[in-house]
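Peer 1: Next comes the structure file entry.pdb, holding PDB, C-alpha atoms.
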```
MODEL        1
ATOM      1  CA  GLY A 144      64.397 -31.358  34.459
ATOM      2  CA  HIS A 145      61.223 -32.875  35.795
ATOM      3  CA  TRP A 146      58.821 -35.152  33.974
ATOM      4  CA  ARG A 147      55.195 -35.046  34.946
ATOM      5  CA  VAL A 148      54.005 -38.654  34.913
ATOM      6  CA  MET A 149      50.358 -38.582  33.945
ATOM      7  CA  ASN A 150      47.644 -41.006  33.120
ATOM      8  CA  GLY A 151      45.098 -39.946  30.558
ATOM      9  CA  VAL A 152      42.912 -40.967  27.685
ATOM     10  CA  ILE A 153      44.967 -42.565  24.937
ATOM     11  CA  HIS A 154      43.333 -43.510  21.653
ATOM     12  CA  VAL A 155      45.374 -46.053  19.692
ATOM     13  CA  VAL A 156      44.565 -46.497  16.012
ATOM     14  CA  ASP A 157      46.259 -48.265  13.115
ATOM     15  CA  SER A 158      46.047 -45.204  10.863
ATOM     16  CA  MET A 159      44.578 -41.726  10.886
ATOM     17  CA  GLU A 160      42.551 -42.333   7.736
ATOM     18  CA  GLY A 161      39.045 -41.055   8.295
ATOM     19  CA  LEU A 162      39.906 -39.852  11.799
ATOM     20  CA  ASP A 163      40.713 -36.227  10.969
ATOM     21  CA  ASN A 164      38.266 -34.846  13.511
ATOM     22  CA  LEU A 165      39.138 -37.204  16.341
ATOM     23  CA  ALA A 166      39.959 -35.212  19.455
ATOM     24  CA  PHE A 167      42.577 -36.513  21.854
ATOM     25  CA  GLU A 168      42.123 -35.362  25.407
ATOM     26  CA  GLY A 169      44.483 -36.040  28.304
ATOM     27  CA  GLU A 170      43.571 -35.817  31.931
ATOM     28  CA  ALA A 171      45.498 -36.021  35.149
ATOM     29  CA  CYS A 172      44.427 -38.728  37.546
ATOM     30  CA  ALA A 173      45.002 -39.513  41.183
ATOM     31  CA  GLY A 174      48.381 -41.167  41.584
ATOM     32  CA  THR A 175      50.028 -38.617  39.287
ATOM     33  CA  SER A 176      53.449 -37.667  40.600
ATOM     34  CA  SER A 177      56.438 -35.470  39.774
ATOM     35  CA  ARG A 178      59.667 -37.411  39.575
ATOM     36  CA  GLU A 179      63.071 -36.871  37.981
ATOM     37  CA  PHE A 180      63.538 -38.383  34.524
ATOM     38  CA  VAL A 181      66.080 -41.193  34.789
ATOM     39  CA  ARG A 182      66.177 -43.008  31.461
ATOM     40  CA  ASN A 183      63.980 -44.218  28.649
ATOM     41  CA  TRP A 184      64.646 -47.842  29.541
ATOM     42  CA  THR A 185      64.832 -50.371  26.703
ATOM     43  CA  PRO A 186      64.999 -54.191  26.838
ATOM     44  CA  GLU A 187      68.713 -53.907  26.021
ATOM     45  CA  ASP A 188      69.285 -51.552  28.973
ATOM     46  CA  VAL A 189      67.795 -54.006  31.456
ATOM     47  CA  ALA A 190      69.201 -57.227  29.983
ATOM     48  CA  ASP A 191      71.667 -57.706  32.849
ATOM     49  CA  PHE A 192      69.379 -56.557  35.682
ATOM     50  CA  PHE A 193      68.559 -60.123  36.635
ATOM     51  CA  ASP A 194      72.068 -61.572  36.695
ATOM     52  CA  GLY A 195      73.026 -63.098  40.038
ATOM     53  CA  ALA A 196      71.043 -62.723  43.252
ATOM     54  CA  TRP A 197      69.033 -59.674  42.174
ATOM     55  CA  ARG A 198      66.341 -60.303  44.809
ATOM     56  CA  THR A 199      68.821 -59.675  47.642
ATOM     57  CA  ASN A 200      67.950 -56.524  49.597
ATOM     58  CA  ARG A 201      64.832 -55.852  47.530
ATOM     59  CA  SER A 202      61.966 -53.988  49.216
ATOM     60  CA  LEU A 203      58.393 -55.218  48.814
ATOM     61  CA  GLU A 204      57.141 -52.053  50.499
ATOM     62  CA  ALA A 205      59.050 -49.816  48.071
ATOM     63  CA  GLY A 206      57.692 -51.833  45.143
ATOM     64  CA  ARG A 207      54.154 -51.542  46.448
ATOM     65  CA  ARG A 208      54.571 -47.781  46.939
ATOM     66  CA  LEU A 209      55.850 -47.385  43.363
ATOM     67  CA  PHE A 210      52.924 -49.423  42.037
ATOM     68  CA  THR A 211      50.589 -46.824  43.540
ATOM     69  CA  GLU A 212      52.755 -43.756  42.897
ATOM     70  CA  LEU A 213      53.188 -44.523  39.186
ATOM     71  CA  GLY A 214      49.423 -44.902  38.788
ATOM     72  CA  CYS A 215      49.447 -48.666  38.083
ATOM     73  CA  ILE A 216      46.683 -49.052  40.671
ATOM     74  CA  GLN A 217      44.404 -46.946  38.447
ATOM     75  CA  CYS A 218      44.087 -49.749  35.883
ATOM     76  CA  HIS A 219      45.221 -52.796  37.844
ATOM     77  CA  ARG A 220      44.091 -54.496  41.011
ATOM     78  CA  TYR A 221      45.900 -56.764  43.437
ATOM     79  CA  SER A 222      44.644 -58.399  46.605
ATOM     80  CA  ASP A 223      41.938 -56.032  47.902
ATOM     81  CA  ASP A 224      43.554 -52.874  46.518
ATOM     82  CA  GLY A 225      42.125 -51.168  43.448
ATOM     83  CA  ASP A 226      38.739 -51.139  41.760
ATOM     84  CA  SER A 227      37.234 -54.631  41.503
ATOM     85  CA  ARG A 228      36.589 -54.008  37.776
ATOM     86  CA  ASN A 229      40.271 -53.397  37.039
ATOM     87  CA  ILE A 230      42.688 -55.940  35.576
ATOM     88  CA  GLU A 231      43.554 -58.367  38.374
ATOM     89  CA  LEU A 232      47.262 -58.875  39.105
ATOM     90  CA  ALA A 233      46.886 -61.032  42.207
ATOM     91  CA  ALA A 234      48.562 -64.043  40.538
ATOM     92  CA  ILE A 235      50.894 -62.261  38.100
ATOM     93  CA  GLY A 236      53.881 -63.736  39.946
ATOM     94  CA  THR A 237      52.795 -67.262  38.996
ATOM     95  CA  LYS A 238      52.636 -66.320  35.301
ATOM     96  CA  TYR A 239      55.721 -64.149  34.828
ATOM     97  CA  ARG A 240      58.955 -63.748  36.805
ATOM     98  CA  GLY A 241      62.011 -61.523  36.699
ATOM     99  CA  ALA A 242      63.145 -60.459  33.247
ATOM    100  CA  GLU A 243      60.023 -61.777  31.537
ATOM    101  CA  LEU A 244      57.741 -59.832  33.865
ATOM    102  CA  LEU A 245      59.732 -56.646  33.256
ATOM    103  CA  SER A 246      59.598 -57.183  29.489
ATOM    104  CA  HIS A 247      55.791 -57.018  29.630
ATOM    105  CA  ILE A 248      55.962 -53.673  31.446
ATOM    106  CA  LEU A 249      58.440 -52.253  28.937
ATOM    107  CA  GLU A 250      56.528 -53.666  25.942
ATOM    108  CA  PRO A 251      52.849 -53.911  26.945
ATOM    109  CA  SER A 252      51.701 -54.953  23.471
ATOM    110  CA  LYS A 253      53.855 -58.076  23.628
ATOM    111  CA  ALA A 254      50.884 -60.030  24.979
ATOM    112  CA  ILE A 255      47.470 -58.475  25.577
ATOM    113  CA  LEU A 256      45.236 -60.254  28.060
ATOM    114  CA  GLU A 257      42.179 -61.601  26.287
ATOM    115  CA  GLY A 258      39.172 -59.454  27.025
ATOM    116  CA  TYR A 259      41.251 -56.332  27.647
ATOM    117  CA  GLU A 260      42.032 -55.438  24.045
ATOM    118  CA  ASN A 261      40.954 -52.093  22.661
ATOM    119  CA  THR A 262      38.358 -52.265  19.906
ATOM    120  CA  LEU A 263      37.633 -49.553  17.365
ATOM    121  CA  PHE A 264      34.026 -48.994  16.293
ATOM    122  CA  ALA A 265      33.969 -46.787  13.183
ATOM    123  CA  TYR A 266      31.026 -44.791  11.844
ATOM    124  CA  ASP A 267      30.438 -43.003   8.546
ATOM    125  CA  ASP A 268      29.257 -39.769  10.101
ATOM    126  CA  ARG A 269      30.960 -39.271  13.465
ATOM    127  CA  ARG A 270      33.997 -39.947  15.634
ATOM    128  CA  PRO A 271      34.821 -43.580  16.292
ATOM    129  CA  VAL A 272      34.453 -45.171  19.694
ATOM    130  CA  ILE A 273      37.625 -46.808  20.976
ATOM    131  CA  GLY A 274      37.915 -48.864  24.142
ATOM    132  CA  ARG A 275      37.469 -52.192  25.897
ATOM    133  CA  VAL A 276      34.229 -54.085  25.345
ATOM    134  CA  VAL A 277      32.955 -54.891  28.837
ATOM    135  CA  ARG A 278      29.649 -56.426  27.772
ATOM    136  CA  GLU A 279      27.648 -56.969  24.612
ATOM    137  CA  ASP A 280      24.563 -58.564  23.181
ATOM    138  CA  GLU A 281      23.343 -58.925  19.598
ATOM    139  CA  GLU A 282      22.433 -55.247  19.252
ATOM    140  CA  THR A 283      24.686 -53.312  21.635
ATOM    141  CA  ALA A 284      28.287 -53.245  22.845
ATOM    142  CA  TRP A 285      29.120 -51.442  26.087
ATOM    143  CA  VAL A 286      32.594 -49.945  25.755
ATOM    144  CA  ASN A 287      34.872 -48.615  28.506
ATOM    145  CA  GLN A 288      36.813 -45.773  26.868
ATOM    146  CA  THR A 289      39.105 -44.974  29.801
ATOM    147  CA  LEU A 290      40.876 -47.680  31.812
ATOM    148  CA  GLN A 291      41.323 -45.280  34.731
ATOM    149  CA  ASP A 292      37.557 -44.757  34.906
ATOM    150  CA  PRO A 293      35.585 -48.028  34.773
ATOM    151  CA  ASP A 294      32.362 -45.988  34.825
ATOM    152  CA  ASP A 295      33.184 -44.300  31.510
ATOM    153  CA  ILE A 296      30.930 -46.593  29.466
ATOM    154  CA  VAL A 297      29.520 -45.785  26.029
ATOM    155  CA  GLU A 298      26.725 -47.779  24.409
ATOM    156  CA  VAL A 299      27.513 -48.663  20.803
ATOM    157  CA  LYS A 300      24.577 -49.643  18.606
ATOM    158  CA  LYS A 301      26.043 -52.296  16.310
ATOM    159  CA  ALA A 302      23.662 -51.515  13.442
ATOM    160  CA  GLU A 303      25.223 -48.024  13.145
ATOM    161  CA  VAL A 304      28.824 -49.275  13.003
ATOM    162  CA  VAL A 305      30.503 -49.572   9.586
ATOM    163  CA  GLU A 306      33.661 -51.294  10.860
ATOM    164  CA  ARG A 307      34.677 -53.075  14.034
ATOM    165  CA  LYS A 308      38.343 -53.874  14.573
ATOM    166  CA  LYS A 309      40.407 -55.188  17.490
ATOM    167  CA  LEU A 310      43.556 -53.125  17.895
ATOM    168  CA  GLU A 311      46.866 -54.898  18.342
ATOM    169  CA  LEU A 312      48.377 -52.276  20.630
ATOM    170  CA  SER A 313      47.839 -52.548  24.358
ATOM    171  CA  PRO A 314      45.860 -49.820  26.116
ATOM    172  CA  MET A 315      48.666 -49.880  28.694
ATOM    173  CA  PRO A 316      51.084 -47.045  27.850
ATOM    174  CA  THR A 317      54.812 -47.460  27.322
ATOM    175  CA  GLY A 318      57.360 -45.307  29.135
ATOM    176  CA  LEU A 319      55.976 -46.040  32.599
ATOM    177  CA  LEU A 320      59.443 -46.617  34.053
ATOM    178  CA  VAL A 321      61.276 -43.531  32.746
ATOM    179  CA  THR A 322      61.474 -41.978  36.230
ATOM    180  CA  LEU A 323      62.683 -45.120  38.000
ATOM    181  CA  THR A 324      66.229 -46.104  38.874
ATOM    182  CA  ARG A 325      67.521 -49.649  38.405
ATOM    183  CA  ASP A 326      66.879 -50.454  42.081
ATOM    184  CA  GLU A 327      63.346 -49.052  41.942
ATOM    185  CA  ILE A 328      62.569 -51.123  38.850
ATOM    186  CA  LEU A 329      63.807 -54.237  40.627
ATOM    187  CA  ASP A 330      61.754 -53.404  43.735
ATOM    188  CA  LEU A 331      58.663 -53.026  41.536
ATOM    189  CA  VAL A 332      59.313 -56.337  39.775
ATOM    190  CA  HIS A 333      59.940 -58.032  43.125
ATOM    191  CA  PHE A 334      56.642 -56.701  44.440
ATOM    192  CA  LEU A 335      54.752 -57.903  41.353
ATOM    193  CA  GLU A 336      56.436 -61.301  41.609
ATOM    194  CA  SER A 337      55.117 -61.585  45.168
ATOM    195  CA  GLN A 338      51.531 -61.526  43.845
ATOM    196  CA  THR A 339      50.945 -65.272  43.600
ATOM    197  CA  ARG A 340      47.411 -65.861  44.811
TER     198      ARG A 340
ENDMDL
END
```
Let me see the file written as structure tokens.
Peer 2:
Amino acid sequence: GHWRVMNGVIHVVDSMEGLDNLAFEGEACAGTSSREFVRNWTPEDVADFFDGAWRTNRSLEAGRRLFTELGCIQCHRYSDDGDSRNIELAAIGTKYRGAELLSHILEPSKAILEGYENTLFAYDDRRPVIGRVVREDEETAWVNQTLQDPDDIVEVKKAEVVERKKLELSPMPTGLLVTLTRDEILDLVHFLESQTR
């Protein structure tokens, strides 16, 4: 069958207590594509991907195309591509390489970049606000609720909030590679490794 790879609004919470009326809404974004399901890749599945000369015959162009096709460009930026407010990946290749880089794609919550965590702002009388704090002062926090839309900003009045909590799960979804073959995964990793400036 076919899997529809979609980006949408994902609310991540530690428990559903007090969130009975929270609505979860998905939305298709540019970069959405139909691809064949290949495998729900796990760290164990890819453990031997990097044995030997895995970079031989890799395609930077194919990796770059996959980065866009999978929708990574919606939340990330490299070089001059992507929204300037997105998470910059221009030097990701100097931080992570090979198997370690892939492990962060498979398990995004392994290490969340400081400043890009999701925060939950809970109220007594209405739905919580969940997203990344992009700016704040003593009275107000401006929260981006949707990574794919940097303009989706909500003002949170701190005096009205009954609880504020950083969430330990990354806003980056898992399962991004389920439609990729081994060679495509390696092309994508090779492309990301090439981002060193």
Peer 1: Mind checking which residues fall within 10 Å of range 226-232 of chain A, counting only C-alpha atoms, ignoring those fewer than 3 positions away in the same chain, and posting them as number ranges by chain?
Peer 2: A: 216-223, 235-236, 238, 256, 258-259, 277, 290-294, 335-336, 338-340
Peer 1: Sorted by chain and rising residue number, list the residues of range 223-288 of chain A at most 9 Å from range 301-309 of chain A (counting only C-alpha atoms), each with its closest atom pair and distance in Å to one decimal, as a tab-separated table.
Peer 2:
```
residue	atom	partner	partner_atom	distance
A:Glu260	CA	A:Lys309	CA	6.8
A:Asn261	CA	A:Lys309	CA	6.1
A:Thr262	CA	A:Lys309	CA	4.3
A:Leu263	CA	A:Lys308	CA	5.2
A:Phe264	CA	A:Arg307	CA	4.7
A:Ala265	CA	A:Glu306	CA	5.1
A:Tyr266	CA	A:Val304	CA	5.1
A:Asp267	CA	A:Val305	CA	6.7
A:Pro271	CA	A:Val304	CA	8.9
A:Glu281	CA	A:Lys301	CA	7.9
A:Glu282	CA	A:Lys301	CA	5.5
A:Thr283	CA	A:Lys301	CA	5.6
A:Ala284	CA	A:Lys301	CA	7.0
```
Peer 1: Between A:Gly225, A:Val332, A:Gln288, A:Arg182, which one has atoms that come closest to His247 in chain A, using only C-alpha atoms?
Peer 2: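 Using only C-alpha atoms, His247 in chain A sits closest to A:Val332.
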Peer 1: Could you pull out every residue with an atom within 7 Å of (60.1, -46.2, 28.5), file coordinates, counting all atoms listed in the file, and send them as a list in words?
Peer 2: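 Within 7 Å of (60.1, -46.2, 28.5), the protein and nucleic acid residues are Asn183, Trp184, Thr185, Leu249, Thr317, Gly318, Leu319, Leu320 and Val321 of chain A.
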Peer 1: Using all atoms listed in the file, which of A:Asp191, A:Arg275, A:Phe334, A:Glu327 sits nearest Leu310 in chain A?
Peer 2: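 Going through A:Asp191, A:Arg275, A:Phe334, A:Glu327 one by one, the smallest distance to Leu310 in chain A is for A:Arg275.
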Peer 1: What does the distance from CA of Cys215 in chain A to CA of Ile296 in chain A come to in Å, to one decimal?
Peer 2: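 Between CA of Cys215 in chain A and CA of Ile296 in chain A the gap is 20.5 Å.
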Peer 1: Report, in Å with one decimal, the straight-line distance from CA of Asn287 in chain A to CA of Gly274 in chain A.
Peer 2: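 About the pair CA of Asn287 in chain A and CA of Gly274 in chain A: they are 5.3 Å apart.
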Peer 1: Using only C-alpha atoms, what residues lie at most 12 Å away from (66.6, -54.5, 37.7) (file coordinates), given as a PyMOL selection string?
Peer 2: chain A and resi 184-199+201+206+241-246+320+323-333
Peer 1: Just the number, please: distance in Å from CA of Asp268 in chain A to CA of Trp285 in chain A, one decimal.
Peer 2: 19.8 Å
Peer 1: Please reconstruct the missing atoms of range 176-187 of chain A (target: all heavy atoms) and return them as an mmCIF file, in the coordinates of the input.
Peer 2:
```
data_model
loop_
_atom_site.group_PDB
_atom_site.id
_atom_site.type_symbol
_atom_site.label_atom_id
_atom_site.label_comp_id
_atom_site.auth_asym_id
_atom_site.auth_seq_id
_atom_site.Cartn_x
_atom_site.Cartn_y
_atom_site.Cartn_z
ATOM 1 N N SER A 176 52.369 -38.131 39.751
ATOM 2 C CA SER A 176 53.449 -37.667 40.600
ATOM 3 C C SER A 176 54.531 -36.992 39.775
ATOM 4 O O SER A 176 54.673 -37.247 38.594
ATOM 5 C CB SER A 176 54.065 -38.852 41.366
ATOM 6 O OG SER A 176 54.652 -39.757 40.462
ATOM 7 N N SER A 177 55.289 -36.104 40.412
ATOM 8 C CA SER A 177 56.438 -35.470 39.774
ATOM 9 C C SER A 177 57.682 -36.202 40.239
ATOM 10 O O SER A 177 57.930 -36.320 41.424
ATOM 11 C CB SER A 177 56.527 -33.996 40.174
ATOM 12 O OG SER A 177 55.469 -33.284 39.604
ATOM 13 N N ARG A 178 58.435 -36.701 39.271
ATOM 14 C CA ARG A 178 59.667 -37.411 39.575
ATOM 15 C C ARG A 178 60.717 -36.994 38.557
ATOM 16 O O ARG A 178 60.391 -36.566 37.465
ATOM 17 C CB ARG A 178 59.451 -38.930 39.500
ATOM 18 C CG ARG A 178 58.483 -39.486 40.542
ATOM 19 C CD ARG A 178 58.271 -40.979 40.335
ATOM 20 N NE ARG A 178 59.524 -41.698 40.232
ATOM 21 C CZ ARG A 178 60.130 -42.300 41.259
ATOM 22 N NH1 ARG A 178 59.584 -42.270 42.456
ATOM 23 N NH2 ARG A 178 61.261 -42.935 41.083
ATOM 24 N N GLU A 179 61.974 -37.162 38.903
ATOM 25 C CA GLU A 179 63.071 -36.871 37.981
ATOM 26 C C GLU A 179 63.106 -37.905 36.868
ATOM 27 O O GLU A 179 62.959 -39.111 37.116
ATOM 28 C CB GLU A 179 64.407 -36.916 38.735
ATOM 29 C CG GLU A 179 64.613 -35.800 39.727
ATOM 30 C CD GLU A 179 64.951 -34.486 39.051
ATOM 31 O OE1 GLU A 179 65.496 -34.499 37.933
ATOM 32 O OE2 GLU A 179 64.649 -33.437 39.654
ATOM 33 N N PHE A 180 63.318 -37.456 35.632
ATOM 34 C CA PHE A 180 63.538 -38.383 34.524
ATOM 35 C C PHE A 180 64.856 -39.101 34.768
ATOM 36 O O PHE A 180 65.867 -38.480 35.102
ATOM 37 C CB PHE A 180 63.583 -37.614 33.194
ATOM 38 C CG PHE A 180 63.982 -38.469 32.026
ATOM 39 C CD1 PHE A 180 63.066 -39.311 31.433
ATOM 40 C CD2 PHE A 180 65.274 -38.440 31.541
ATOM 41 C CE1 PHE A 180 63.420 -40.113 30.357
ATOM 42 C CE2 PHE A 180 65.643 -39.232 30.463
ATOM 43 C CZ PHE A 180 64.717 -40.069 29.873
ATOM 44 N N VAL A 181 64.861 -40.410 34.612
ATOM 45 C CA VAL A 181 66.080 -41.193 34.789
ATOM 46 C C VAL A 181 66.590 -41.683 33.434
ATOM 47 O O VAL A 181 67.708 -41.388 33.028
ATOM 48 C CB VAL A 181 65.844 -42.396 35.737
ATOM 49 C CG1 VAL A 181 67.077 -43.291 35.804
ATOM 50 C CG2 VAL A 181 65.466 -41.901 37.125
ATOM 51 N N ARG A 182 65.743 -42.434 32.728
ATOM 52 C CA ARG A 182 66.177 -43.008 31.461
ATOM 53 C C ARG A 182 64.976 -43.601 30.743
ATOM 54 O O ARG A 182 64.054 -44.111 31.374
ATOM 55 C CB ARG A 182 67.206 -44.117 31.731
ATOM 56 C CG ARG A 182 67.826 -44.717 30.505
ATOM 57 C CD ARG A 182 68.944 -45.653 30.913
ATOM 58 N NE ARG A 182 69.650 -46.125 29.745
ATOM 59 C CZ ARG A 182 70.850 -46.662 29.782
ATOM 60 N NH1 ARG A 182 71.476 -46.783 30.937
ATOM 61 N NH2 ARG A 182 71.419 -47.090 28.687
ATOM 62 N N ASN A 183 65.004 -43.550 29.448
ATOM 63 C CA ASN A 183 63.980 -44.218 28.649
ATOM 64 C C ASN A 183 64.431 -45.668 28.476
ATOM 65 O O ASN A 183 65.041 -46.029 27.475
ATOM 66 C CB ASN A 183 63.822 -43.512 27.295
ATOM 67 C CG ASN A 183 62.640 -44.040 26.522
ATOM 68 O OD1 ASN A 183 61.736 -44.646 27.088
ATOM 69 N ND2 ASN A 183 62.644 -43.823 25.225
ATOM 70 N N TRP A 184 64.132 -46.476 29.468
ATOM 71 C CA TRP A 184 64.646 -47.842 29.541
ATOM 72 C C TRP A 184 64.188 -48.682 28.351
ATOM 73 O O TRP A 184 63.034 -48.649 27.964
ATOM 74 C CB TRP A 184 64.181 -48.520 30.837
ATOM 75 C CG TRP A 184 64.692 -47.867 32.076
ATOM 76 C CD1 TRP A 184 63.999 -47.018 32.897
ATOM 77 C CD2 TRP A 184 65.996 -47.993 32.639
ATOM 78 N NE1 TRP A 184 64.795 -46.612 33.932
ATOM 79 C CE2 TRP A 184 66.030 -47.201 33.810
ATOM 80 C CE3 TRP A 184 67.141 -48.705 32.279
ATOM 81 C CZ2 TRP A 184 67.154 -47.092 34.616
ATOM 82 C CZ3 TRP A 184 68.271 -48.610 33.083
ATOM 83 C CH2 TRP A 184 68.262 -47.815 34.237
ATOM 84 N N THR A 185 65.122 -49.452 27.795
ATOM 85 C CA THR A 185 64.832 -50.371 26.703
ATOM 86 C C THR A 185 65.141 -51.791 27.172
ATOM 87 O O THR A 185 65.851 -51.976 28.178
ATOM 88 C CB THR A 185 65.697 -50.072 25.465
ATOM 89 O OG1 THR A 185 67.076 -50.365 25.789
ATOM 90 C CG2 THR A 185 65.558 -48.611 25.034
ATOM 91 N N PRO A 186 64.663 -52.813 26.460
ATOM 92 C CA PRO A 186 64.999 -54.191 26.838
ATOM 93 C C PRO A 186 66.512 -54.424 26.893
ATOM 94 O O PRO A 186 67.000 -55.158 27.761
ATOM 95 C CB PRO A 186 64.341 -55.029 25.739
ATOM 96 C CG PRO A 186 63.155 -54.202 25.316
ATOM 97 C CD PRO A 186 63.653 -52.776 25.378
ATOM 98 N N GLU A 187 67.253 -53.755 26.021
ATOM 99 C CA GLU A 187 68.713 -53.907 26.021
ATOM 100 C C GLU A 187 69.329 -53.314 27.284
ATOM 101 O O GLU A 187 70.293 -53.858 27.836
ATOM 102 C CB GLU A 187 69.320 -53.240 24.777
ATOM 103 C CG GLU A 187 68.948 -53.885 23.452
ATOM 104 C CD GLU A 187 67.513 -53.607 23.008
ATOM 105 O OE1 GLU A 187 66.959 -52.539 23.370
ATOM 106 O OE2 GLU A 187 66.930 -54.478 22.325
#
```
